[in-house]
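Listing of work.txt; format and content: compact mmCIF, C-alpha atoms.
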# COMPACT_ATOMS: atom_id res chain seq x y z
CA ARG A 8 100.30 70.12 68.65
CA ILE A 9 98.63 68.09 71.36
CA PRO A 10 95.17 69.62 71.88
CA GLU A 11 94.19 67.03 74.46
CA LEU A 12 97.11 67.85 76.79
CA GLN A 13 95.79 69.04 80.14
CA VAL A 14 98.86 69.27 82.40
CA ILE A 15 102.36 70.63 81.69
CA LYS A 16 104.79 70.47 84.60
CA LEU A 17 108.39 71.42 83.85
CA ASN A 18 109.24 72.82 87.28
CA ALA A 19 112.67 72.57 88.91
CA ASN A 20 114.63 71.66 85.81
CA GLN A 21 117.01 74.62 85.54
CA LEU A 22 115.42 75.54 82.23
CA SER A 23 116.43 78.94 80.88
CA GLY A 24 115.59 81.34 78.11
CA ASP A 25 113.15 84.16 77.47
CA ILE A 26 109.75 83.44 78.99
CA SER A 27 108.05 85.08 76.00
CA ASP A 28 109.47 82.38 73.72
CA VAL A 29 108.07 79.70 76.00
CA LEU A 30 104.58 81.12 76.49
CA PHE A 31 103.75 82.56 73.09
CA ILE A 32 101.18 80.72 71.02
CA SER A 33 99.65 82.10 67.82
CA ARG A 34 96.22 83.70 68.17
CA ASP A 35 95.09 82.21 64.88
CA LYS A 36 91.34 81.61 65.33
CA THR A 37 91.54 78.47 63.16
CA GLU A 38 93.60 76.61 65.75
CA ALA A 39 92.17 73.56 67.46
CA THR A 40 90.53 73.84 70.84
CA TYR A 41 92.98 73.23 73.67
CA TYR A 42 92.21 71.86 77.12
CA LEU A 43 95.30 72.80 79.13
CA ARG A 44 94.39 73.04 82.82
CA ILE A 45 97.74 73.34 84.61
CA LEU A 46 100.99 75.01 83.51
CA ASP A 47 103.86 74.84 85.99
CA LEU A 48 107.21 76.37 84.98
CA SER A 49 108.30 77.25 88.52
CA PHE A 50 111.81 76.96 89.94
CA ASN A 51 113.64 77.47 86.68
CA LEU A 52 115.83 80.22 85.24
CA PHE A 53 113.44 81.84 82.78
CA GLY A 54 114.00 85.57 82.27
CA GLY A 55 112.62 88.33 80.10
CA SER A 56 109.12 89.74 80.43
CA LEU A 57 105.63 88.38 79.88
CA PRO A 58 104.60 88.35 76.21
CA SER A 59 101.77 90.71 75.35
CA GLU A 60 98.29 89.18 75.53
CA PHE A 61 99.55 85.62 75.88
CA MET A 62 96.57 84.71 78.05
CA LEU A 63 94.30 85.42 75.09
CA THR A 64 95.68 82.52 73.07
CA PRO A 65 93.57 79.39 72.55
CA LEU A 66 95.99 77.29 74.60
CA TYR A 67 94.97 79.06 77.83
CA THR A 68 91.20 79.16 77.35
CA TYR A 69 90.52 76.66 80.13
CA LEU A 70 93.64 77.21 82.24
CA MET A 71 92.99 76.75 85.96
CA GLU A 72 96.49 76.92 87.44
CA LEU A 73 99.48 79.01 86.32
CA ASP A 74 102.75 78.81 88.26
CA LEU A 75 105.69 80.91 87.06
CA SER A 76 107.15 81.40 90.52
CA ASN A 77 110.85 81.31 91.36
CA ASN A 78 112.23 82.48 88.04
CA GLN A 79 113.83 85.74 86.91
CA ILE A 80 110.90 87.23 85.02
CA GLU A 81 110.73 91.04 85.08
CA GLY A 82 108.55 93.88 83.86
CA LYS A 83 104.93 94.63 84.64
CA LEU A 84 102.01 92.30 85.22
CA GLN A 85 99.89 94.15 82.65
CA PRO A 86 100.59 91.78 79.71
CA LEU A 87 99.19 88.86 81.70
CA ILE A 88 95.64 90.13 81.29
CA PRO A 89 95.54 93.09 78.88
CA GLU A 90 93.21 95.98 79.46
CA THR A 91 91.52 97.86 76.61
CA HIS A 92 90.08 101.30 77.21
CA HIS A 93 87.24 102.78 75.17
CA GLU A 94 88.73 105.46 72.95
CA GLU A 95 86.09 108.01 73.91
CA ASP A 96 86.82 107.52 77.61
CA GLU A 97 90.59 107.36 77.66
CA GLU A 98 90.73 109.65 80.69
CA ASP A 99 88.19 107.64 82.66
CA ASP A 100 90.17 105.05 84.61
CA ASP A 101 87.00 103.25 85.65
CA ASP A 102 85.70 102.62 82.13
CA TYR A 103 87.40 99.72 80.43
CA GLU A 104 86.72 96.35 78.90
CA VAL A 105 88.79 93.22 78.89
CA GLU A 106 88.88 90.50 76.27
CA ILE A 107 89.81 87.52 78.35
CA SER A 108 89.71 83.74 78.04
CA CYS A 109 91.11 82.63 81.42
CA LEU A 110 88.10 83.23 83.64
CA ALA A 111 88.53 79.71 85.02
CA LEU A 112 91.93 80.56 86.57
CA ARG A 113 91.94 79.43 90.20
CA VAL A 114 95.62 79.46 91.13
CA LEU A 115 98.09 82.17 90.12
CA ARG A 116 101.64 81.98 91.50
CA LEU A 117 104.14 84.60 90.35
CA SER A 118 106.24 84.87 93.50
CA ASN A 119 110.01 85.28 93.66
CA ASN A 120 110.47 87.07 90.37
CA ARG A 121 111.28 90.69 89.47
CA PHE A 122 107.87 92.07 88.59
CA THR A 123 107.40 95.81 89.00
CA GLY A 124 104.55 98.30 88.95
CA GLU A 125 101.05 97.99 90.36
CA ILE A 126 98.50 95.19 90.23
CA PRO A 127 96.52 96.05 87.08
CA LYS A 128 92.78 96.45 87.43
CA SER A 129 92.30 94.00 84.57
CA PHE A 130 92.97 91.36 87.25
CA SER A 131 89.45 92.10 88.49
CA VAL A 132 88.08 89.57 85.98
CA LEU A 133 89.76 86.69 87.85
CA THR A 134 86.79 86.15 90.12
CA SER A 135 87.40 82.38 90.36
CA LEU A 136 90.80 82.79 92.05
CA ARG A 137 91.39 80.65 95.11
CA GLU A 138 95.10 81.31 95.52
CA LEU A 139 97.04 84.44 94.58
CA ASP A 140 100.76 84.61 95.35
CA LEU A 141 102.68 87.68 94.18
CA SER A 142 105.17 87.66 97.03
CA ASN A 143 108.81 88.71 96.85
CA ASN A 144 108.66 90.97 93.82
CA LYS A 145 109.03 94.73 93.40
CA LEU A 146 105.35 95.61 93.21
CA HIS A 147 103.91 98.78 94.73
CA GLY A 148 100.73 100.81 95.02
CA HIS A 149 97.57 100.08 96.98
CA ILE A 150 96.09 96.64 97.40
CA PRO A 151 93.14 96.77 94.98
CA GLU A 152 89.62 97.05 96.37
CA PHE A 153 88.40 94.59 93.74
CA PHE A 154 90.04 91.76 95.67
CA SER A 155 86.89 91.80 97.79
CA GLU A 156 85.05 90.52 94.69
CA PHE A 157 86.99 87.23 94.70
CA PRO A 158 84.52 85.15 96.74
CA ALA A 159 86.49 81.88 96.46
CA LEU A 160 89.85 83.33 97.56
CA ASN A 161 91.36 81.40 100.45
CA ASP A 162 95.09 82.13 100.13
CA LEU A 163 96.46 85.65 99.59
CA ASN A 164 100.20 86.28 99.70
CA LEU A 165 101.50 89.74 98.75
CA SER A 166 104.42 89.73 101.18
CA ARG A 167 107.84 91.28 100.57
CA ASN A 168 106.83 93.98 98.12
CA SER A 169 106.30 97.72 98.55
CA PHE A 170 102.52 97.94 98.79
CA ASN A 171 101.30 100.98 100.68
CA GLY A 172 98.07 102.49 101.87
CA PRO A 173 95.46 100.75 104.03
CA LEU A 174 94.21 97.21 103.89
CA PHE A 175 91.42 97.07 101.36
CA GLU A 176 88.27 98.04 103.20
CA ASP A 177 86.13 94.99 102.43
CA ILE A 178 88.68 92.27 103.21
CA THR A 179 86.24 90.81 105.74
CA GLU A 180 83.86 89.97 102.89
CA LEU A 181 86.27 87.25 101.81
CA THR A 182 84.77 84.74 104.17
CA LYS A 183 86.70 81.78 102.71
CA LEU A 184 90.12 83.25 103.50
CA GLU A 185 92.36 80.82 105.33
CA ARG A 186 95.80 82.38 104.87
CA VAL A 187 96.75 86.06 104.56
CA ASN A 188 100.41 87.08 104.34
CA LEU A 189 101.10 90.79 103.84
CA GLN A 190 104.34 91.03 105.80
CA HIS A 191 107.23 93.30 104.78
CA ASN A 192 105.30 96.01 102.96
CA GLN A 193 104.50 99.62 103.82
CA LEU A 194 100.85 99.24 104.73
CA THR A 195 99.27 101.96 106.85
CA GLY A 196 95.97 102.49 108.62
CA THR A 197 94.34 100.17 111.11
CA ILE A 198 93.44 96.50 111.33
CA PRO A 199 89.73 96.23 110.45
CA THR A 200 87.61 96.08 113.59
CA ASP A 201 85.53 93.26 112.10
CA ILE A 202 88.54 91.06 111.31
CA GLY A 203 86.93 88.41 113.50
CA GLU A 204 84.38 87.74 110.77
CA LEU A 205 87.02 85.78 108.85
CA SER A 206 86.04 82.66 110.71
CA ARG A 207 88.13 80.29 108.54
CA LEU A 208 91.36 82.22 108.97
CA GLN A 209 94.31 80.05 110.03
CA THR A 210 97.22 82.40 109.28
CA LEU A 211 97.34 86.19 109.57
CA ASN A 212 100.73 87.82 109.03
CA LEU A 213 100.70 91.62 108.97
CA SER A 214 104.17 92.04 110.47
CA HIS A 215 106.77 94.56 109.31
CA ASN A 216 104.38 97.26 108.14
CA CYS A 217 103.28 100.67 109.40
CA LEU A 218 99.93 99.78 110.89
CA ARG A 219 98.56 101.78 113.81
CA GLY A 220 95.71 101.79 116.26
CA PRO A 221 94.44 99.05 118.57
CA ILE A 222 94.49 95.33 118.01
CA PRO A 223 90.77 94.64 117.48
CA GLU A 224 89.08 92.64 120.20
CA THR A 225 87.29 90.66 117.49
CA ILE A 226 90.55 88.78 116.86
CA GLU A 227 89.46 86.52 119.70
CA LEU A 228 86.71 85.23 117.36
CA LEU A 229 89.28 83.64 115.05
CA LYS A 230 88.83 80.18 116.52
CA ARG A 231 90.86 78.44 113.80
CA ILE A 232 93.84 80.82 113.89
CA GLU A 233 97.21 79.06 114.21
CA VAL A 234 99.65 81.80 113.17
CA LEU A 235 99.14 85.41 114.27
CA LEU A 236 102.03 87.79 113.52
CA LEU A 237 101.57 91.53 114.02
CA HIS A 238 105.03 92.52 115.26
CA ASP A 239 107.09 95.41 113.88
CA ASN A 240 104.13 97.75 113.51
CA GLU A 241 105.18 100.55 115.83
CA GLY A 242 101.81 102.27 115.70
CA LEU A 243 99.83 99.37 117.16
CA HIS A 244 98.38 100.15 120.58
CA CYS A 245 98.24 97.98 123.67
CA PRO A 246 96.69 96.21 125.43
CA ILE A 247 96.42 92.85 123.73
CA PRO A 248 92.82 91.62 123.81
CA GLU A 249 92.49 89.14 126.68
CA GLY A 250 90.44 86.79 124.49
CA ILE A 251 93.56 85.84 122.54
CA SER A 252 94.55 83.64 125.46
CA LYS A 253 91.52 81.46 124.69
CA LEU A 254 92.53 80.70 121.10
CA LYS A 255 93.37 77.03 121.56
CA ASN A 256 94.76 76.43 118.05
CA LEU A 257 97.31 79.25 118.24
CA LEU A 258 100.80 77.86 117.63
CA ASP A 259 102.84 80.89 116.54
CA VAL A 260 102.12 84.39 117.80
CA SER A 261 104.16 87.57 117.95
CA LEU A 262 102.52 90.90 118.68
CA MET A 263 105.55 92.85 119.84
CA ASN A 264 107.74 95.62 118.45
CA PRO A 265 111.53 95.25 118.43
CA SER A 266 112.20 97.73 121.22
CA PRO A 267 111.56 96.42 124.77
CA SER A 268 110.04 99.78 125.64
CA ARG A 269 107.32 99.18 123.08
CA HIS A 270 106.16 95.73 124.18
CA LEU A 271 102.44 95.29 124.01
CA GLN A 272 100.78 94.29 127.23
CA ALA A 273 99.94 90.62 127.58
CA PRO A 274 96.61 89.58 129.05
CA ARG A 275 96.50 88.74 132.75
CA HIS A 276 97.01 85.13 133.82
CA HIS A 277 98.59 84.22 130.48
CA ASP A 278 102.06 82.94 129.72
CA THR A 279 103.83 86.14 128.69
CA ARG A 280 106.46 84.17 126.78
CA LEU A 281 103.81 83.71 124.12
CA PHE A 282 103.63 87.43 123.48
CA TYR A 283 107.21 88.60 124.00
CA LYS A 284 108.88 86.12 121.72
CA THR A 285 111.63 87.65 119.61
CA ARG A 286 111.28 87.07 115.91
CA ILE A 287 113.84 87.76 113.18
CA GLU A 288 112.02 86.23 110.24
CA ALA A 289 108.37 85.32 110.03
CA PRO A 290 107.55 82.15 108.07
CA ALA A 291 106.24 82.57 104.56
CA ILE A 292 102.96 81.03 103.50
CA GLY A 293 102.72 78.31 100.96

How does the structure come out when it is put into structure tokens?
Amino acid sequence: RIPELQVIKLNANQLSGDISDVLFISRDKTEATYYLRILDLSFNLFGGSLPSEFMLTPLYTYLMELDLSNNQIEGKLQPLIPETHHEEDEEDDDDYEVEISCLALRVLRLSNNRFTGEIPKSFSVLTSLRELDLSNNKLHGHIPEFFSEFPALNDLNLSRNSFNGPLFEDITELTKLERVNLQHNQLTGTIPTDIGELSRLQTLNLSHNCLRGPIPETIELLKRIEVLLLHDNEGLHCPIPEGISKLKNLLDVSLMNPSPSRHLQAPRHHDTRLFYKTRIEAPAIG
């Protein structure tokens, strides 16, 4: 035991085995206080599923960064942060309590694994999150509304899953967002008309979904935007807001659909090559 250990980085070592054997620590209340801040096991060959309630162990009390990305971990996310319902309200999905010790968690990377199911609502306690990356898994369901209660969130990557339904309604309340990647899902509905309120946004990738309606004119307020990818949403309407041509930091933009007959109209007096660029793969974030 090394209670003073704050950082464990074993990434990219071709380590293998069941992840539950690696993460499990006894919940004996007599254990010493641990001060682990960072645990990075990414880019290995760990398999199996998350051990039940492992985040409740003393080792993870002060954990700020957890990276299990690029492994072969499967199963649901539920064991990460267990959820306990009141017995008298078992049928009330909104009434639950969570015993949790990882409220300090700021970075959670679980991308490129084999996780299934929905994002559990017990994740709502992670209000200190700054980066959440669940990309390239087999997750589904709606993007939770409680994400709007993560005031420090600046990097959200849920790409390459099977999320459906609309963008969560209060996404524009996340005023610190800098990068949003939701590409390759099954999202429906419209782009929020007040998307321009995300004044820090540098990357917005909503490509390869089922979005519809107009491209909001408020996009022209995204003065820091560098990457804007909305292509392969056949329900998006033209024209493209003319103000996009004034976004001086814009480096990568694609607002088209794959069929030439469905090209969105570029603003007048603007280089149309910027808008009719063919894209096969959009770059991932992070």

Grab all the atoms of stretch 48-59 of chain A that the file lists, wrap them in a box along x, y and z, add 4 Å per side, and give me centre plus edge lengths in Å (one decimal) as AutoDock Vina command-line options.
--center_x 108.8 --center_y 83.5 --center_z 82.6 --size_x 22.1 --size_y 22.3 --size_z 22.6

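In terms of minimum interatomic distance to A:Gly54, A:Val29 ranks closest within A:Leu84, A:Leu73, A:Leu12, A:Val29, counting all atoms listed in the file.
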
(message) To one decimal place in Å, what is the distance between atom CA of A:Leu22 and atom CA of A:Phe122?
(response) 19.3 Å

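Atom CA of A:Met62 is positioned 12.8 Å from atom CA of A:Arg44.
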
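From atom CA of A:Leu163 back to atom CA of A:Asp259, the distance works out to 18.7 Å.
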
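Minimum distance to A:Ser252 across A:Tyr41, A:Leu229, A:His238, A:Asn168 (counting only C-alpha atoms) occurs at A:Leu229.
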
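Ranking A:Gly196, A:Pro158, A:Gly250, A:Pro223 by their shortest atom-to-atom distance to A:Leu181, with all atoms listed in the file included, puts A:Pro158 first.
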
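Shortest separation to A:Ile198 among A:Thr182, A:Leu243, A:Glu60, A:Phe170 occurs at residue A:Leu243, atoms counted being only C-alpha atoms.
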
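Nearest residue to A:Glu176, choosing from A:Phe130, A:Tyr69, A:Phe154, A:Phe61 and counting all atoms listed in the file: A:Phe154.
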
(message) Given all atoms listed in the file as the basis, pick out the residue of A:Gly124, A:Asp74, A:Ser56, A:Phe175 nearest to A:Leu17.
(response) A:Asp74

(request) Would you mind listing what lies within 10 Å of A:Leu133 as a ChimeraX atom specification, with all atoms listed in the file counted and same-chain residues fewer than 3 positions away left out? (result) /A:88,107,109-115,129-130,136-137,153-154,156-157

(message) Residues within 8 Å of A:His215, please, as a VMD selection string. Count only C-alpha atoms; anything in the same chain fewer than 5 positions from it doesn't count.
(response) chain A and resid 190 to 193 237 to 240

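The list of residues within 8 Å of (87.6, 90.4, 106.4), counted using all atoms listed in the file, is A:Asp177, A:Ile178, A:Thr179, A:Glu180, A:Leu181, A:Thr182, A:Pro199, A:Asp201, A:Ile202, A:Gly203, A:Glu204, A:Leu205.
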
(message) List the spatial neighbours of A:Leu184 as a PyMOL selection string - criterion: any atom at most 8 Å away, all atoms listed in the file, same-chain residues fewer than 5 positions off excluded.
(response) chain A and resi 160-163+205+207-208

Requested write-out: C-alpha atoms of the selected residues, as a compact mmCIF listing (two decimals), in the frame of the given file:
# COMPACT_ATOMS: atom_id res chain seq x y z
CA LEU A 160 89.85 83.33 97.56
CA ASN A 161 91.36 81.40 100.45
CA ASP A 162 95.09 82.13 100.13
CA LEU A 163 96.46 85.65 99.59
CA LEU A 205 87.02 85.78 108.85
CA ARG A 207 88.13 80.29 108.54
CA LEU A 208 91.36 82.22 108.97
